[in-house]
file query-v4.csv (CSV, C-alpha atoms)
chain,number,residue,atom,x,y,z
A,26,MET,CA,127.4,125.4,124.2
A,27,ALA,CA,126.5,122.0,125.7
A,28,GLN,CA,123.1,123.3,126.8
A,29,ARG,CA,122.4,124.7,123.3
A,30,GLU,CA,123.3,121.3,121.7
A,31,GLU,CA,121.1,119.5,124.2
A,32,ARG,CA,118.2,121.9,123.5
A,33,LEU,CA,118.6,121.4,119.7
A,34,GLN,CA,118.7,117.6,120.2
A,35,HIS,CA,115.5,117.8,122.2
A,36,GLU,CA,113.8,120.0,119.6
A,37,SER,CA,114.8,117.7,116.7
A,38,ARG,CA,113.3,114.7,118.4
A,39,SER,CA,110.2,116.5,119.5
A,40,HIS,CA,109.7,117.7,115.9
A,41,ILE,CA,110.0,114.2,114.5
A,42,LYS,CA,107.5,112.9,117.1
A,43,ASN,CA,105.1,115.8,116.3
A,44,ILE,CA,105.2,114.8,112.6
A,45,ILE,CA,104.3,111.3,113.5
A,46,ARG,CA,101.3,112.6,115.5
A,47,GLN,CA,100.2,114.6,112.5
A,48,ILE,CA,99.9,111.5,110.4
A,49,ASP,CA,96.6,110.9,112.3
A,50,ILE,CA,94.9,113.6,110.2
A,51,LEU,CA,95.7,112.0,106.8
A,52,PRO,CA,92.7,110.6,104.8
A,53,SER,CA,93.7,107.0,105.3
A,54,PRO,CA,93.5,106.5,109.1
A,55,PRO,CA,96.5,104.9,110.7
A,56,ALA,CA,94.1,102.6,112.6
A,57,VAL,CA,93.1,101.0,109.2
A,58,ALA,CA,96.7,100.7,108.2
A,59,ALA,CA,97.7,99.1,111.5
A,60,MET,CA,94.8,96.7,111.2
A,61,ILE,CA,95.8,95.7,107.7
A,62,LEU,CA,99.4,95.2,108.8
A,63,SER,CA,98.3,93.2,111.8
A,64,MET,CA,95.9,91.0,109.8
A,65,ALA,CA,98.4,90.3,107.1
A,66,VAL,CA,101.0,88.9,109.4
A,67,ARG,CA,98.7,86.9,111.6
A,68,GLU,CA,98.5,83.2,110.8
A,69,ASP,CA,94.9,82.8,111.9
A,70,THR,CA,93.6,85.4,109.3
A,71,ASP,CA,91.3,83.6,106.9
A,72,VAL,CA,89.6,84.5,103.6
A,73,ARG,CA,86.2,85.4,105.2
A,74,THR,CA,87.8,87.7,107.9
A,75,LEU,CA,89.9,89.4,105.3
A,76,THR,CA,87.0,89.9,102.9
A,77,HIS,CA,84.7,91.3,105.6
A,78,PHE,CA,87.4,93.7,106.6
A,79,ILE,CA,87.9,95.0,103.0
A,80,GLU,CA,84.1,95.3,102.6
A,81,SER,CA,84.0,97.6,105.7
A,82,ASP,CA,86.1,100.2,103.8
A,83,PRO,CA,84.4,101.2,100.4
A,84,SER,CA,87.6,102.9,99.1
A,85,LEU,CA,89.7,99.9,99.9
A,86,ALA,CA,87.1,97.6,98.3
A,87,MET,CA,87.1,99.5,95.1
A,88,ARG,CA,90.8,99.5,94.8
A,89,VAL,CA,91.1,95.8,95.3
A,90,LEU,CA,88.4,95.2,92.7
A,91,LYS,CA,90.2,97.6,90.3
A,92,MET,CA,93.4,95.6,90.7
A,93,ALA,CA,91.5,92.3,90.2
A,94,ASN,CA,89.9,93.5,87.0
A,95,ALA,CA,93.2,94.7,85.7
A,96,ALA,CA,94.7,91.2,86.2
A,97,ARG,CA,92.4,89.5,83.7
A,98,TYR,CA,89.9,89.9,80.8
A,99,GLY,CA,86.4,89.9,82.0
A,100,ARG,CA,84.5,91.3,84.9
A,101,VAL,CA,85.2,90.8,88.6
A,102,GLN,CA,82.2,92.1,90.5
A,103,THR,CA,82.7,90.9,94.1
A,104,LEU,CA,85.5,90.8,96.6
A,105,THR,CA,85.1,87.1,97.0
A,106,GLN,CA,85.7,86.7,93.2
A,107,ALA,CA,88.7,89.1,93.6
A,108,VAL,CA,90.3,87.1,96.4
A,109,ASN,CA,89.7,83.8,94.5
A,110,LEU,CA,91.2,85.2,91.3
A,111,LEU,CA,94.3,86.9,92.8
A,112,GLY,CA,94.8,84.5,95.7
A,113,PHE,CA,94.6,85.1,99.4
A,114,ASN,CA,98.3,86.0,99.9
A,115,ALA,CA,98.3,88.3,96.9
A,116,VAL,CA,95.4,90.2,98.3
A,117,LYS,CA,97.1,90.6,101.6
A,118,ASN,CA,100.1,92.0,99.9
A,119,ILE,CA,98.0,94.4,97.9
A,120,LEU,CA,96.4,95.6,101.2
A,121,LEU,CA,99.9,96.1,102.8
A,122,THR,CA,101.0,98.1,99.8
A,123,ILE,CA,97.9,100.3,100.0
A,124,ALA,CA,98.3,100.8,103.7
A,125,VAL,CA,101.9,101.9,103.6
A,126,ARG,CA,101.5,104.0,100.5
A,127,ASP,CA,98.4,105.8,101.7
A,128,THR,CA,99.7,106.7,105.1
A,129,VAL,CA,103.2,108.0,104.5
A,130,PHE,CA,103.9,107.8,100.7
A,131,ARG,CA,101.4,110.5,99.7
A,132,GLU,CA,100.9,114.3,99.7
A,133,PRO,CA,102.7,116.6,100.2
A,134,PHE,CA,105.4,114.4,98.6
A,135,SER,CA,103.6,113.5,95.4
A,136,GLY,CA,106.1,113.5,92.5
A,137,ASP,CA,109.0,114.1,94.8
A,138,PRO,CA,112.0,112.1,93.3
A,139,ASP,CA,113.2,111.2,96.8
A,140,LEU,CA,109.8,109.8,97.6
A,141,THR,CA,109.6,107.9,94.3
A,142,GLY,CA,113.0,106.4,94.9
A,143,LEU,CA,112.1,105.3,98.5
A,144,TRP,CA,108.8,103.8,97.2
A,145,LYS,CA,110.6,101.8,94.5
A,146,HIS,CA,113.2,100.6,97.0
A,147,SER,CA,110.6,99.6,99.5
A,148,LEU,CA,108.6,97.6,97.0
A,149,ALA,CA,111.8,95.9,95.7
A,150,CYS,CA,112.8,94.9,99.3
A,151,ALA,CA,109.3,93.6,99.9
A,152,VAL,CA,109.3,91.4,96.8
A,153,GLY,CA,112.8,90.2,97.4
A,154,ALA,CA,112.2,89.4,101.1
A,155,ALA,CA,109.0,87.5,100.3
A,156,PHE,CA,110.8,85.6,97.5
A,157,LEU,CA,113.6,84.5,99.9
A,158,ALA,CA,111.2,83.6,102.7
A,159,ASP,CA,109.0,81.6,100.3
A,160,ARG,CA,112.0,79.4,99.4
A,161,ASN,CA,113.4,79.0,103.0
A,162,ALA,CA,110.5,79.6,105.4
A,163,PRO,CA,107.2,79.8,103.4
A,164,ASP,CA,105.1,80.5,106.5
A,165,LEU,CA,106.9,83.8,107.0
A,166,ALA,CA,106.6,85.0,103.4
A,167,GLU,CA,103.7,87.5,104.2
A,168,LEU,CA,105.6,88.8,107.2
A,169,ALA,CA,108.7,89.2,105.1
A,170,PHE,CA,106.8,91.2,102.5
A,171,ALA,CA,105.3,93.5,105.2
A,172,ALA,CA,108.7,94.0,106.8
A,173,GLY,CA,110.3,94.8,103.5
A,174,LEU,CA,107.6,97.3,102.6
A,175,ALA,CA,107.6,99.1,105.9
A,176,HIS,CA,111.3,99.0,106.9
A,177,ASP,CA,112.3,102.4,105.6
A,178,CYS,CA,109.1,104.3,106.6
A,179,GLY,CA,111.3,106.2,109.0
A,180,LYS,CA,112.9,108.0,106.1
A,181,LEU,CA,109.5,109.3,105.1
A,182,ILE,CA,109.1,110.7,108.6
A,183,MET,CA,112.5,112.4,108.3
A,184,LEU,CA,111.5,113.9,104.9
A,185,ALA,CA,108.3,115.3,106.5
A,186,ALA,CA,110.1,116.7,109.5
A,187,PHE,CA,113.0,118.2,107.6
A,188,PRO,CA,111.8,118.7,104.0
A,189,ASP,CA,114.6,121.1,103.0
A,190,ARG,CA,117.5,119.3,104.7
A,191,TYR,CA,116.8,115.5,104.6
A,192,GLY,CA,116.5,115.0,100.9
A,193,PRO,CA,120.0,116.4,100.1
A,194,LEU,CA,121.5,114.5,103.0
A,195,LEU,CA,119.8,111.3,101.8
A,196,ARG,CA,121.2,111.7,98.3
A,197,ALA,CA,124.7,112.5,99.5
A,198,ALA,CA,124.8,109.4,101.7
A,199,GLU,CA,123.1,106.9,99.3
A,200,ASN,CA,126.4,105.7,97.8
A,201,ALA,CA,128.4,105.6,101.0
A,202,GLN,CA,127.9,102.4,102.9
A,203,GLY,CA,127.0,103.0,106.5
A,204,ALA,CA,127.2,106.8,106.2
A,205,LEU,CA,123.5,107.6,106.3
A,206,LEU,CA,122.9,106.8,110.0
A,207,ASP,CA,126.0,108.8,111.0
A,208,ALA,CA,124.9,111.7,108.9
A,209,GLU,CA,121.3,111.6,110.3
A,210,ASN,CA,122.4,111.5,113.9
A,211,GLU,CA,124.9,114.3,113.3
A,212,ALA,CA,122.3,116.5,111.7
A,213,PHE,CA,119.2,115.6,113.7
A,214,GLU,CA,120.3,113.6,116.7
A,215,ALA,CA,118.0,110.9,115.5
A,216,ASP,CA,118.0,108.5,112.5
A,217,HIS,CA,115.4,107.0,110.3
A,218,CYS,CA,115.5,103.7,112.2
A,219,LEU,CA,114.5,105.5,115.4
A,220,ALA,CA,111.9,107.5,113.6
A,221,GLY,CA,110.5,104.2,112.2
A,222,LYS,CA,110.4,102.7,115.6
A,223,TRP,CA,108.5,105.6,117.0
A,224,LEU,CA,106.0,105.4,114.1
A,225,ALA,CA,105.5,101.7,114.5
A,226,GLU,CA,105.0,101.9,118.2
A,227,THR,CA,102.6,104.8,117.8
A,228,TRP,CA,100.5,102.7,115.4
A,229,ASN,CA,100.8,99.6,117.7
A,230,LEU,CA,102.2,97.5,114.9
A,231,PRO,CA,103.1,93.9,115.5
A,232,ARG,CA,106.5,93.5,117.2
A,233,PRO,CA,108.2,91.9,114.1
A,234,LEU,CA,107.4,95.1,112.1
A,235,VAL,CA,108.6,97.4,114.8
A,236,ASP,CA,111.9,95.5,114.8
A,237,ALA,CA,112.1,95.6,111.0
A,238,MET,CA,111.7,99.4,111.0
A,239,TRP,CA,114.1,99.8,113.9
A,240,LEU,CA,116.8,97.2,113.5
A,241,HIS,CA,117.3,96.7,109.8
A,242,HIS,CA,120.7,98.3,109.8
A,243,HIS,CA,122.0,96.0,112.6
A,244,PRO,CA,124.4,93.3,111.5
A,245,PRO,CA,123.2,89.7,111.7
A,246,GLU,CA,125.6,88.8,114.6
A,247,GLN,CA,124.2,91.7,116.7
A,248,LEU,CA,120.7,90.7,116.0
A,249,ALA,CA,121.5,87.1,117.0
A,250,LEU,CA,122.8,88.4,120.3
A,251,MET,CA,119.7,90.5,120.9
A,252,GLY,CA,117.5,87.5,120.1
A,253,GLY,CA,119.4,85.4,122.6
A,254,GLU,CA,118.6,88.0,125.3
A,255,GLY,CA,114.9,88.2,124.5
call {"tool": "encode", "arguments": {"input": "query-v4.csv", "output": "structure tokens"}}
result
Amino acid sequence: MAQREERLQHESRSHIKNIIRQIDILPSPPAVAAMILSMAVREDTDVRTLTHFIESDPSLAMRVLKMANAARYGRVQTLTQAVNLLGFNAVKNILLTIAVRDTVFREPFSGDPDLTGLWKHSLACAVGAAFLADRNAPDLAELAFAAGLAHDCGKLIMLAAFPDRYGPLLRAAENAQGALLDAENEAFEADHCLAGKWLAETWNLPRPLVDAMWLHHHPPEQLALMGGEG
């Protein structure tokens, strides 16, 4: 019995990691997403560097221009105009949103109510985190936005790994404080925080984003102790 449980645990974790590896075949390469996330949280990223990066990806450039034109009456024809119109930080946040949405919030989940709920939750957390950071630590506002947007990506991995089982589990646990992690570990011997950590490390994301995806359910006092040890 013990050997069977150990085998099932290993199979669940291996399956989750295999799903993460398969993300490499999606149309939006994880390397681009990782670069966007890294640039967005670096303090030395400037307008010229960001503009050149966007110009290197035609699809990305067109989407930024589309958003810029939707924000005003008139015609925005260049990325420099778009950045000047929307603002440097707003463009970085747009890129973060595109990066996360195109890598994990996409087919085969289009139209899935669980996916839609997770996306809305992630955006709300990103906006809320950036708002709080802007009032208390403005230099960290972009990092806070990125962390809020990415923190629950592990749930998308769990949905991909266990499409028939994870959605019902997620819905059953959503109104029970603290029940989700226990339910995940009982069913899969891994939770969405661990799946998020594996994803972030696979993509070589900056350490603050790895921690946001891994540790966001830890209580503040535990995080303080961990910080003291680091």
call {"tool": "residues_around", "arguments": {"input": "query-v4.csv", "residues": "A:Asp236", "least_positions_apart": "2", "cutoff": "9 Å", "atoms": "only C-alpha atoms", "output": "list in words"}}
result
Ala172, His176, Lys222, Ala225, Pro231, Arg232, Pro233, Leu234, Met238, Trp239, Leu240 and His241 of chain A
call {"tool": "write_last_selection", "arguments": {"input": "query-v4.csv", "atoms": "C-alpha atoms", "output": "compact mmCIF listing (two decimals), in the frame of the given file"}}
result
# COMPACT_ATOMS: atom_id res chain seq x y z
CA ALA A 172 108.70 94.00 106.80
CA HIS A 176 111.30 99.00 106.90
CA LYS A 222 110.40 102.70 115.60
CA ALA A 225 105.50 101.70 114.50
CA PRO A 231 103.10 93.90 115.50
CA ARG A 232 106.50 93.50 117.20
CA PRO A 233 108.20 91.90 114.10
CA LEU A 234 107.40 95.10 112.10
CA MET A 238 111.70 99.40 111.00
CA TRP A 239 114.10 99.80 113.90
CA LEU A 240 116.80 97.20 113.50
CA HIS A 241 117.30 96.70 109.80
call {"tool": "atom_distance", "arguments": {"input": "query-v4.csv", "atom1": "atom CA of A:His217", "atom2": "atom CA of A:Asp159"}}
result
28.0 Å
call {"tool": "atom_distance", "arguments": {"input": "query-v4.csv", "atom1": "atom CA of A:Val116", "atom2": "atom CA of A:His146"}}
result
20.7 Å
call {"tool": "atom_distance", "arguments": {"input": "query-v4.csv", "atom1": "atom CA of A:Pro193", "atom2": "atom CA of A:Pro244"}}
result
26.1 Å
call {"tool": "closest_residue", "arguments": {"input": "query-v4.csv", "among": "A:His40, A:His242, A:Lys117, A:Arg100", "to": "A:Glu167", "atoms": "only C-alpha atoms"}}
result
A:Lys117
call {"tool": "closest_residue", "arguments": {"input": "query-v4.csv", "among": "A:Thr227, A:Asn114, A:Thr76, A:Gln106", "to": "A:Ala171", "atoms": "only C-alpha atoms"}}
result
A:Asn114
call {"tool": "closest_residue", "arguments": {"input": "query-v4.csv", "among": "A:Asn109, A:Asn118, A:Asn94, A:Asn229", "to": "A:Leu168", "atoms": "only C-alpha atoms"}}
result
A:Asn118
call {"tool": "residues_around", "arguments": {"input": "query-v4.csv", "residues": "A:Val101", "least_positions_apart": "5", "cutoff": "10 Å", "atoms": "all atoms listed in the file", "output": "JSON, numbers by chain"}}
result
{"A": [90, 91, 92, 93, 94, 95, 96, 106, 107, 110]}
call {"tool": "decode", "arguments": {"input": "query-v4.csv", "residues": "stretch 183-227 of chain A", "atoms": "N, CA and C atoms", "output": "PDB file, in the first residue's frame"}}
result
ATOM      1  N   MET A 183      -1.968  23.168 -12.798  1.00  0.00           N
ATOM      2  CA  MET A 183      -2.777  22.088 -12.230  1.00  0.00           C
ATOM      3  C   MET A 183      -3.986  21.791 -13.124  1.00  0.00           C
ATOM      4  N   LEU A 184      -4.609  22.837 -13.675  1.00  0.00           N
ATOM      5  CA  LEU A 184      -5.727  22.634 -14.597  1.00  0.00           C
ATOM      6  C   LEU A 184      -5.289  21.880 -15.846  1.00  0.00           C
ATOM      7  N   ALA A 185      -4.092  22.192 -16.336  1.00  0.00           N
ATOM      8  CA  ALA A 185      -3.581  21.513 -17.524  1.00  0.00           C
ATOM      9  C   ALA A 185      -3.221  20.063 -17.225  1.00  0.00           C
ATOM     10  N   ALA A 186      -2.671  19.832 -16.038  1.00  0.00           N
ATOM     11  CA  ALA A 186      -2.238  18.486 -15.676  1.00  0.00           C
ATOM     12  C   ALA A 186      -3.409  17.576 -15.342  1.00  0.00           C
ATOM     13  N   PHE A 187      -4.439  18.145 -14.712  1.00  0.00           N
ATOM     14  CA  PHE A 187      -5.579  17.345 -14.256  1.00  0.00           C
ATOM     15  C   PHE A 187      -6.890  18.029 -14.667  1.00  0.00           C
ATOM     16  N   PRO A 188      -7.170  18.108 -15.970  1.00  0.00           N
ATOM     17  CA  PRO A 188      -8.309  18.901 -16.453  1.00  0.00           C
ATOM     18  C   PRO A 188      -9.664  18.444 -15.937  1.00  0.00           C
ATOM     19  N   ASP A 189      -9.817  17.169 -15.689  1.00  0.00           N
ATOM     20  CA  ASP A 189     -11.118  16.669 -15.230  1.00  0.00           C
ATOM     21  C   ASP A 189     -11.282  16.733 -13.719  1.00  0.00           C
ATOM     22  N   ARG A 190     -10.183  16.803 -13.002  1.00  0.00           N
ATOM     23  CA  ARG A 190     -10.242  16.709 -11.543  1.00  0.00           C
ATOM     24  C   ARG A 190     -10.004  18.033 -10.837  1.00  0.00           C
ATOM     25  N   TYR A 191      -9.158  18.887 -11.430  1.00  0.00           N
ATOM     26  CA  TYR A 191      -8.757  20.078 -10.682  1.00  0.00           C
ATOM     27  C   TYR A 191      -9.847  21.141 -10.637  1.00  0.00           C
ATOM     28  N   GLY A 192     -10.590  21.320 -11.715  1.00  0.00           N
ATOM     29  CA  GLY A 192     -11.651  22.327 -11.726  1.00  0.00           C
ATOM     30  C   GLY A 192     -12.672  22.119 -10.622  1.00  0.00           C
ATOM     31  N   PRO A 193     -13.246  20.913 -10.507  1.00  0.00           N
ATOM     32  CA  PRO A 193     -14.190  20.666  -9.414  1.00  0.00           C
ATOM     33  C   PRO A 193     -13.574  20.848  -8.036  1.00  0.00           C
ATOM     34  N   LEU A 194     -12.320  20.437  -7.887  1.00  0.00           N
ATOM     35  CA  LEU A 194     -11.646  20.615  -6.599  1.00  0.00           C
ATOM     36  C   LEU A 194     -11.492  22.095  -6.278  1.00  0.00           C
ATOM     37  N   LEU A 195     -11.131  22.881  -7.277  1.00  0.00           N
ATOM     38  CA  LEU A 195     -10.942  24.320  -7.092  1.00  0.00           C
ATOM     39  C   LEU A 195     -12.247  24.990  -6.686  1.00  0.00           C
ATOM     40  N   ARG A 196     -13.323  24.638  -7.350  1.00  0.00           N
ATOM     41  CA  ARG A 196     -14.617  25.239  -7.039  1.00  0.00           C
ATOM     42  C   ARG A 196     -15.112  24.832  -5.655  1.00  0.00           C
ATOM     43  N   ALA A 197     -14.848  23.591  -5.274  1.00  0.00           N
ATOM     44  CA  ALA A 197     -15.297  23.112  -3.969  1.00  0.00           C
ATOM     45  C   ALA A 197     -14.550  23.795  -2.832  1.00  0.00           C
ATOM     46  N   ALA A 198     -13.296  24.159  -3.084  1.00  0.00           N
ATOM     47  CA  ALA A 198     -12.464  24.720  -2.019  1.00  0.00           C
ATOM     48  C   ALA A 198     -12.461  26.236  -1.986  1.00  0.00           C
ATOM     49  N   GLU A 199     -13.035  26.908  -2.997  1.00  0.00           N
ATOM     50  CA  GLU A 199     -12.870  28.356  -3.126  1.00  0.00           C
ATOM     51  C   GLU A 199     -13.488  29.138  -1.967  1.00  0.00           C
ATOM     52  N   ASN A 200     -14.494  28.594  -1.322  1.00  0.00           N
ATOM     53  CA  ASN A 200     -15.136  29.305  -0.216  1.00  0.00           C
ATOM     54  C   ASN A 200     -14.668  28.836   1.155  1.00  0.00           C
ATOM     55  N   ALA A 201     -13.718  27.920   1.168  1.00  0.00           N
ATOM     56  CA  ALA A 201     -13.214  27.392   2.439  1.00  0.00           C
ATOM     57  C   ALA A 201     -11.784  27.879   2.647  1.00  0.00           C
ATOM     58  N   GLN A 202     -11.585  28.799   3.570  1.00  0.00           N
ATOM     59  CA  GLN A 202     -10.282  29.412   3.808  1.00  0.00           C
ATOM     60  C   GLN A 202      -9.252  28.347   4.181  1.00  0.00           C
ATOM     61  N   GLY A 203      -8.169  28.303   3.426  1.00  0.00           N
ATOM     62  CA  GLY A 203      -7.083  27.391   3.747  1.00  0.00           C
ATOM     63  C   GLY A 203      -7.303  25.965   3.300  1.00  0.00           C
ATOM     64  N   ALA A 204      -8.479  25.667   2.714  1.00  0.00           N
ATOM     65  CA  ALA A 204      -8.782  24.281   2.359  1.00  0.00           C
ATOM     66  C   ALA A 204      -8.142  23.862   1.044  1.00  0.00           C
ATOM     67  N   LEU A 205      -7.846  24.808   0.160  1.00  0.00           N
ATOM     68  CA  LEU A 205      -7.382  24.456  -1.176  1.00  0.00           C
ATOM     69  C   LEU A 205      -6.057  23.710  -1.142  1.00  0.00           C
ATOM     70  N   LEU A 206      -5.076  24.229  -0.415  1.00  0.00           N
ATOM     71  CA  LEU A 206      -3.769  23.580  -0.392  1.00  0.00           C
ATOM     72  C   LEU A 206      -3.868  22.165   0.150  1.00  0.00           C
ATOM     73  N   ASP A 207      -4.650  21.984   1.209  1.00  0.00           N
ATOM     74  CA  ASP A 207      -4.826  20.645   1.774  1.00  0.00           C
ATOM     75  C   ASP A 207      -5.478  19.717   0.755  1.00  0.00           C
ATOM     76  N   ALA A 208      -6.494  20.216   0.066  1.00  0.00           N
ATOM     77  CA  ALA A 208      -7.191  19.392  -0.925  1.00  0.00           C
ATOM     78  C   ALA A 208      -6.270  19.029  -2.088  1.00  0.00           C
ATOM     79  N   GLU A 209      -5.463  19.997  -2.534  1.00  0.00           N
ATOM     80  CA  GLU A 209      -4.526  19.733  -3.630  1.00  0.00           C
ATOM     81  C   GLU A 209      -3.510  18.669  -3.240  1.00  0.00           C
ATOM     82  N   ASN A 210      -2.936  18.826  -2.070  1.00  0.00           N
ATOM     83  CA  ASN A 210      -1.907  17.879  -1.640  1.00  0.00           C
ATOM     84  C   ASN A 210      -2.478  16.488  -1.404  1.00  0.00           C
ATOM     85  N   GLU A 211      -3.705  16.438  -0.916  1.00  0.00           N
ATOM     86  CA  GLU A 211      -4.335  15.138  -0.704  1.00  0.00           C
ATOM     87  C   GLU A 211      -4.623  14.441  -2.032  1.00  0.00           C
ATOM     88  N   ALA A 212      -5.050  15.217  -3.021  1.00  0.00           N
ATOM     89  CA  ALA A 212      -5.423  14.626  -4.309  1.00  0.00           C
ATOM     90  C   ALA A 212      -4.234  14.362  -5.217  1.00  0.00           C
ATOM     91  N   PHE A 213      -3.223  15.272  -5.184  1.00  0.00           N
ATOM     92  CA  PHE A 213      -2.155  15.209  -6.179  1.00  0.00           C
ATOM     93  C   PHE A 213      -0.752  15.123  -5.579  1.00  0.00           C
ATOM     94  N   GLU A 214      -0.644  15.195  -4.263  1.00  0.00           N
ATOM     95  CA  GLU A 214       0.657  15.206  -3.591  1.00  0.00           C
ATOM     96  C   GLU A 214       1.517  16.379  -4.054  1.00  0.00           C
ATOM     97  N   ALA A 215       0.874  17.434  -4.481  1.00  0.00           N
ATOM     98  CA  ALA A 215       1.529  18.690  -4.851  1.00  0.00           C
ATOM     99  C   ALA A 215       0.438  19.742  -4.891  1.00  0.00           C
ATOM    100  N   ASP A 216       0.801  21.005  -4.642  1.00  0.00           N
ATOM    101  CA  ASP A 216      -0.197  22.072  -4.687  1.00  0.00           C
ATOM    102  C   ASP A 216       0.184  23.108  -5.737  1.00  0.00           C
ATOM    103  N   HIS A 217      -0.715  24.078  -5.942  1.00  0.00           N
ATOM    104  CA  HIS A 217      -0.468  25.052  -7.003  1.00  0.00           C
ATOM    105  C   HIS A 217       0.717  25.954  -6.695  1.00  0.00           C
ATOM    106  N   CYS A 218       1.045  26.122  -5.423  1.00  0.00           N
ATOM    107  CA  CYS A 218       2.220  26.928  -5.065  1.00  0.00           C
ATOM    108  C   CYS A 218       3.501  26.239  -5.527  1.00  0.00           C
ATOM    109  N   LEU A 219       3.581  24.935  -5.299  1.00  0.00           N
ATOM    110  CA  LEU A 219       4.750  24.178  -5.738  1.00  0.00           C
ATOM    111  C   LEU A 219       4.816  24.127  -7.259  1.00  0.00           C
ATOM    112  N   ALA A 220       3.664  23.942  -7.907  1.00  0.00           N
ATOM    113  CA  ALA A 220       3.638  23.950  -9.373  1.00  0.00           C
ATOM    114  C   ALA A 220       4.092  25.305  -9.913  1.00  0.00           C
ATOM    115  N   GLY A 221       3.671  26.386  -9.257  1.00  0.00           N
ATOM    116  CA  GLY A 221       4.105  27.714  -9.663  1.00  0.00           C
ATOM    117  C   GLY A 221       5.596  27.907  -9.498  1.00  0.00           C
ATOM    118  N   LYS A 222       6.135  27.391  -8.417  1.00  0.00           N
ATOM    119  CA  LYS A 222       7.585  27.476  -8.181  1.00  0.00           C
ATOM    120  C   LYS A 222       8.346  26.738  -9.281  1.00  0.00           C
ATOM    121  N   TRP A 223       7.900  25.540  -9.614  1.00  0.00           N
ATOM    122  CA  TRP A 223       8.560  24.786 -10.684  1.00  0.00           C
ATOM    123  C   TRP A 223       8.503  25.542 -11.999  1.00  0.00           C
ATOM    124  N   LEU A 224       7.349  26.124 -12.309  1.00  0.00           N
ATOM    125  CA  LEU A 224       7.210  26.890 -13.545  1.00  0.00           C
ATOM    126  C   LEU A 224       8.153  28.086 -13.554  1.00  0.00           C
ATOM    127  N   ALA A 225       8.166  28.841 -12.469  1.00  0.00           N
ATOM    128  CA  ALA A 225       9.003  30.039 -12.391  1.00  0.00           C
ATOM    129  C   ALA A 225      10.480  29.697 -12.516  1.00  0.00           C
ATOM    130  N   GLU A 226      10.892  28.609 -11.893  1.00  0.00           N
ATOM    131  CA  GLU A 226      12.296  28.212 -11.968  1.00  0.00           C
ATOM    132  C   GLU A 226      12.645  27.679 -13.353  1.00  0.00           C
ATOM    133  N   THR A 227      11.699  26.990 -13.991  1.00  0.00           N
ATOM    134  CA  THR A 227      11.928  26.508 -15.353  1.00  0.00           C
ATOM    135  C   THR A 227      12.138  27.675 -16.307  1.00  0.00           C
TER     136      THR A 227
END
